[in-house]
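S.K.: The structure file protein_33.txt (compact mmCIF, C-alpha atoms) is provided below.
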```txt
# COMPACT_ATOMS: atom_id res chain seq x y z
CA MET A 109 0.03 23.57 -1.52
CA MET A 110 -0.33 20.38 -3.59
CA LEU A 111 3.33 19.53 -3.01
CA LEU A 112 2.84 19.82 0.75
CA LEU A 113 -0.31 17.69 0.60
CA ASN A 114 1.53 15.11 -1.53
CA ARG A 115 4.38 14.91 0.99
CA ILE A 116 2.03 14.61 3.97
CA LEU A 117 0.06 11.83 2.27
CA ALA A 118 3.29 10.08 1.19
CA LEU A 119 4.65 10.15 4.74
CA ALA A 120 1.33 8.93 6.15
CA LEU A 121 1.22 6.14 3.57
CA LEU A 122 4.78 5.10 4.41
CA VAL A 123 3.97 4.91 8.13
CA ILE A 124 0.81 2.92 7.36
CA VAL A 125 2.69 0.44 5.15
CA VAL A 126 5.34 -0.05 7.85
CA VAL A 127 2.68 -0.66 10.53
CA LEU A 128 0.76 -3.05 8.28
CA THR A 129 3.91 -4.96 7.40
CA LEU A 130 5.08 -5.25 11.01
CA THR A 131 1.67 -6.38 12.23
CA ALA A 132 1.43 -8.96 9.42
CA LEU A 133 4.83 -10.55 10.13
CA PRO A 134 3.38 -13.33 12.35
CA SER A 135 1.55 -14.67 9.29
CA LEU A 136 4.90 -15.48 7.67
CA GLY A 137 5.43 -18.09 10.38
CA GLY A 138 1.98 -19.54 9.80
CA HIS A 139 0.51 -17.89 12.89
CA PRO A 140 -2.85 -16.12 12.74
CA LEU A 141 -3.14 -12.46 13.65
CA GLY A 142 -4.80 -12.05 17.01
CA ALA A 143 -5.65 -9.65 19.80
CA GLU A 144 -3.77 -6.34 19.75
CA VAL A 145 -1.81 -7.19 16.60
CA LEU A 146 -5.01 -7.78 14.65
CA LEU A 147 -6.55 -4.61 16.09
CA ALA A 148 -3.51 -2.54 15.05
CA HIS A 149 -3.57 -4.15 11.59
CA MET A 150 -7.27 -3.34 11.17
CA ALA A 151 -6.81 0.27 12.33
CA ALA A 152 -3.90 0.84 9.95
CA SER A 153 -5.80 -0.79 7.09
CA GLY A 154 -8.72 1.57 7.68
CA ALA A 155 -6.29 4.47 7.38
CA MET A 156 -4.83 2.99 4.18
CA VAL A 157 -8.26 2.70 2.57
CA PHE A 158 -8.55 6.47 2.94
CA VAL A 159 -4.93 7.60 2.40
CA LEU A 160 -3.98 5.45 -0.62
CA PRO A 161 -6.69 6.75 -3.01
CA ALA A 162 -6.07 10.32 -1.82
CA TYR A 163 -2.33 9.90 -2.43
CA ALA A 164 -3.02 8.37 -5.86
CA VAL A 165 -5.19 11.31 -6.94
CA VAL A 166 -2.81 13.96 -5.59
CA GLY A 167 0.16 12.08 -7.06
CA LEU A 168 -1.45 11.85 -10.49
CA ILE A 169 -2.18 15.57 -10.46
CA GLY A 170 1.44 16.25 -9.48
CA MET A 171 2.76 13.91 -12.18
CA ALA A 172 0.62 15.64 -14.80
CA GLN A 173 1.84 19.09 -13.76
CA HIS A 174 5.50 18.18 -13.20
CA PRO A 175 6.59 15.11 -15.19
CA SER A 176 9.64 13.37 -13.75
CA SER A 177 12.18 11.09 -15.36
CA ASN A 178 12.90 9.37 -12.03
CA ARG A 179 11.97 5.80 -12.94
CA LEU A 180 12.29 4.46 -9.39
CA ARG A 181 9.86 7.05 -8.09
CA SER A 182 7.40 6.40 -10.92
CA PHE A 183 7.65 2.62 -10.56
CA GLY A 184 7.24 2.94 -6.80
CA PHE A 185 4.20 5.18 -7.17
CA TRP A 186 2.43 2.89 -9.63
CA GLY A 187 3.52 -0.22 -7.75
CA LEU A 188 2.11 1.14 -4.49
CA VAL A 189 -1.16 2.11 -6.11
CA VAL A 190 -1.63 -1.25 -7.86
CA THR A 191 -0.54 -3.49 -4.98
CA GLY A 192 -2.45 -1.35 -2.49
CA LEU A 193 -5.66 -1.52 -4.49
CA LEU A 194 -5.24 -5.29 -4.89
CA THR A 195 -4.72 -5.63 -1.15
CA ILE A 196 -7.86 -3.61 -0.46
CA ALA A 197 -9.90 -5.41 -3.13
CA THR A 198 -9.14 -8.90 -1.82
CA VAL A 199 -10.45 -8.04 1.64
CA PHE A 200 -13.43 -6.21 0.18
CA VAL A 201 -14.46 -9.30 -1.80
CA CYS A 202 -14.12 -11.39 1.39
CA MET A 203 -16.73 -9.14 3.01
CA LEU A 204 -19.29 -9.83 0.30
CA PRO A 205 -21.84 -12.59 0.92
CA PHE A 206 -20.98 -14.86 -2.01
CA PRO A 207 -17.42 -16.26 -1.49
CA SER A 208 -17.27 -19.76 -0.04
CA THR A 209 -14.90 -20.64 2.80
CA ASP A 210 -12.34 -22.03 0.35
CA GLN A 211 -12.59 -18.89 -1.76
CA MET A 212 -12.08 -16.75 1.34
CA HIS A 213 -8.92 -18.70 2.18
CA GLN A 214 -7.67 -18.06 -1.36
CA LEU A 215 -8.53 -14.36 -1.06
CA ILE A 216 -6.63 -14.12 2.23
CA PHE A 217 -3.64 -15.78 0.53
CA TRP A 218 -3.80 -13.23 -2.31
CA HIS A 219 -4.28 -10.46 0.27
CA SER A 220 -1.05 -11.41 2.03
CA LEU A 221 0.81 -11.78 -1.26
CA ALA A 222 -0.34 -8.34 -2.44
CA GLY A 223 0.41 -6.83 0.98
CA TYR A 224 3.95 -8.18 1.16
CA SER A 225 4.48 -7.10 -2.47
CA MET A 226 3.39 -3.64 -1.42
CA ALA A 227 6.05 -3.64 1.30
CA VAL A 228 8.74 -4.53 -1.26
CA VAL A 229 7.50 -1.87 -3.67
CA ALA A 230 7.52 0.66 -0.81
CA VAL A 231 11.28 0.13 -0.48
CA VAL A 232 11.68 0.96 -4.19
CA TRP A 233 9.37 3.95 -3.75
CA VAL A 234 11.40 5.34 -0.83
CA THR A 235 14.64 4.69 -2.73
CA GLY A 236 13.21 6.80 -5.55
CA TRP A 237 12.81 9.69 -3.13
CA PHE A 238 16.56 9.79 -2.54
CA THR A 239 17.83 9.32 -6.09
CA LYS A 240 18.65 12.20 -8.36
CA THR A 241 16.28 12.90 -11.19
CA ARG A 242 17.84 12.58 -14.62
CA THR A 243 17.34 15.41 -17.02
CA VAL A 244 16.05 14.40 -20.41
```
Please rewrite the model in this file as structure tokens.

M.R.:
Amino acid sequence: MMLLLNRILALALLVIVVVLTLTALPSLGGHPLGAEVLLAHMAASGAMVFVLPAYAVVGLIGMAQHPSSNRLRSFGFWGLVVTGLLTIATVFVCMLPFPSTDQMHQLIFWHSLAGYSMAVVAVVWVTGWFTKTRTV
């Protein structure tokens, strides 16, 4: 049952990361997110705020029960968790009442950096799914 839940959460997280990356692409050209693109980005980010911690908990339980020597998969898992939490945290701090406008611009910069890093790590993570596990 946990394996099935892990796979469902992993697939959902992959879809969410793809949607977030595609909707954030205009920012690479210096364009702001607007209208439907921003709405899709916000909807997918709301899903990520729920799915990422759930995947992290289920993944940690699975790693504790069935240790793997697949380094790509482990690096991808930890990379997704860390970059995902950084991405969430930067926006969360922006919502608090104390950052100044300049600080918010810096937080948005760090948000995009963490988000694009998460997309790169997701490629490593998916690659780890398709590599053979070494036996120790």

S.K.: Leaving out region 166-176 of chain A and any residue of its chain fewer than 4 positions from it, which residues lie within 12 Å of it when counting only C-alpha atoms, given as a PyMOL selection string?

M.R.: chain A and resi 109-118+159-162+180-186+188-189+236-237+239-244

S.K.: Could the residues in this selection be written to a file with C-alpha atoms, as an mmCIF file, in the coordinates of the input?

M.R.:
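Done, and the output landed in part_1.cif:
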```cif
data_model
loop_
_atom_site.group_PDB
_atom_site.id
_atom_site.type_symbol
_atom_site.label_atom_id
_atom_site.label_comp_id
_atom_site.auth_asym_id
_atom_site.auth_seq_id
_atom_site.Cartn_x
_atom_site.Cartn_y
_atom_site.Cartn_z
ATOM 1 C CA MET A 109 0.030 23.570 -1.520
ATOM 2 C CA MET A 110 -0.330 20.380 -3.590
ATOM 3 C CA LEU A 111 3.330 19.530 -3.010
ATOM 4 C CA LEU A 112 2.840 19.820 0.750
ATOM 5 C CA LEU A 113 -0.310 17.690 0.600
ATOM 6 C CA ASN A 114 1.530 15.110 -1.530
ATOM 7 C CA ARG A 115 4.380 14.910 0.990
ATOM 8 C CA ILE A 116 2.030 14.610 3.970
ATOM 9 C CA LEU A 117 0.060 11.830 2.270
ATOM 10 C CA ALA A 118 3.290 10.080 1.190
ATOM 11 C CA VAL A 159 -4.930 7.600 2.400
ATOM 12 C CA LEU A 160 -3.980 5.450 -0.620
ATOM 13 C CA PRO A 161 -6.690 6.750 -3.010
ATOM 14 C CA ALA A 162 -6.070 10.320 -1.820
ATOM 15 C CA LEU A 180 12.290 4.460 -9.390
ATOM 16 C CA ARG A 181 9.860 7.050 -8.090
ATOM 17 C CA SER A 182 7.400 6.400 -10.920
ATOM 18 C CA PHE A 183 7.650 2.620 -10.560
ATOM 19 C CA GLY A 184 7.240 2.940 -6.800
ATOM 20 C CA PHE A 185 4.200 5.180 -7.170
ATOM 21 C CA TRP A 186 2.430 2.890 -9.630
ATOM 22 C CA LEU A 188 2.110 1.140 -4.490
ATOM 23 C CA VAL A 189 -1.160 2.110 -6.110
ATOM 24 C CA GLY A 236 13.210 6.800 -5.550
ATOM 25 C CA TRP A 237 12.810 9.690 -3.130
ATOM 26 C CA THR A 239 17.830 9.320 -6.090
ATOM 27 C CA LYS A 240 18.650 12.200 -8.360
ATOM 28 C CA THR A 241 16.280 12.900 -11.190
ATOM 29 C CA ARG A 242 17.840 12.580 -14.620
ATOM 30 C CA THR A 243 17.340 15.410 -17.020
ATOM 31 C CA VAL A 244 16.050 14.400 -20.410
#
```

S.K.: Identify which of the residues A:Thr209, A:Val126, A:Gly192, A:Phe217 lies closest to Tyr163 (chain A), counting all atoms listed in the file when measuring atom-to-atom distances.

M.R.: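 Between A:Thr209, A:Val126, A:Gly192, A:Phe217, the residue approaching Tyr163 (chain A) most closely is A:Gly192.
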
S.K.: Could you jot down the CA of Leu130 (chain A) to CA of Phe238 (chain A) separation for me, Å, one decimal place?

M.R.: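 CA of Phe238 (chain A) lies at a distance of 23.3 Å from CA of Leu130 (chain A).
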
S.K.: With 12 Å as the threshold, what does the neighbourhood of (-6.7, -3.2, -3.4) contain in terms of residues, counting only C-alpha atoms? Coordinates are those of the file; answer as an MDAnalysis selection string.

M.R.: chainID A and resid 153 156:158 160:161 187:201 215 218:223 225:226

S.K.: CA of Val127 (chain A) and CA of Val229 (chain A), how far apart in Å?

M.R.: 15.0 Å

S.K.: Find the residues near Pro134 (chain A): any atom within 12 Å, counting all atoms listed in the file, skip ones fewer than 6 places away on the same chain, and give them as a list of chain:residue names.

M.R.: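 Counting only the stated atoms, we get A:Leu128, A:Pro140, A:Leu141, A:Gly142, A:Val145, A:Leu146, A:His149, A:Ser220.
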
S.K.: When you draw a straight line from CA of Met212 (chain A) to CA of Gly138 (chain A), how long is it in Å?

M.R.: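 CA of Met212 (chain A) sits 16.6 Å away from CA of Gly138 (chain A).
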
S.K.: Taking only C-alpha atoms into account, name the residue in A:Ala143, A:Ala148, A:Leu136, A:Ala155 that is nearest to Leu122 (chain A).

M.R.: A:Ala155

S.K.: Let me know the centre plus edge lengths, in Å and rounded to one decimal, of a box with edges along x, y and z that contains all listed atoms of region 158-168 of chain A and is padded by 6 Å on every side, as AutoDock Vina command-line options.

M.R.:
```
--center_x -4.2 --center_y 9.7 --center_z -3.8 --size_x 20.7 --size_y 20.5 --size_z 25.4
```
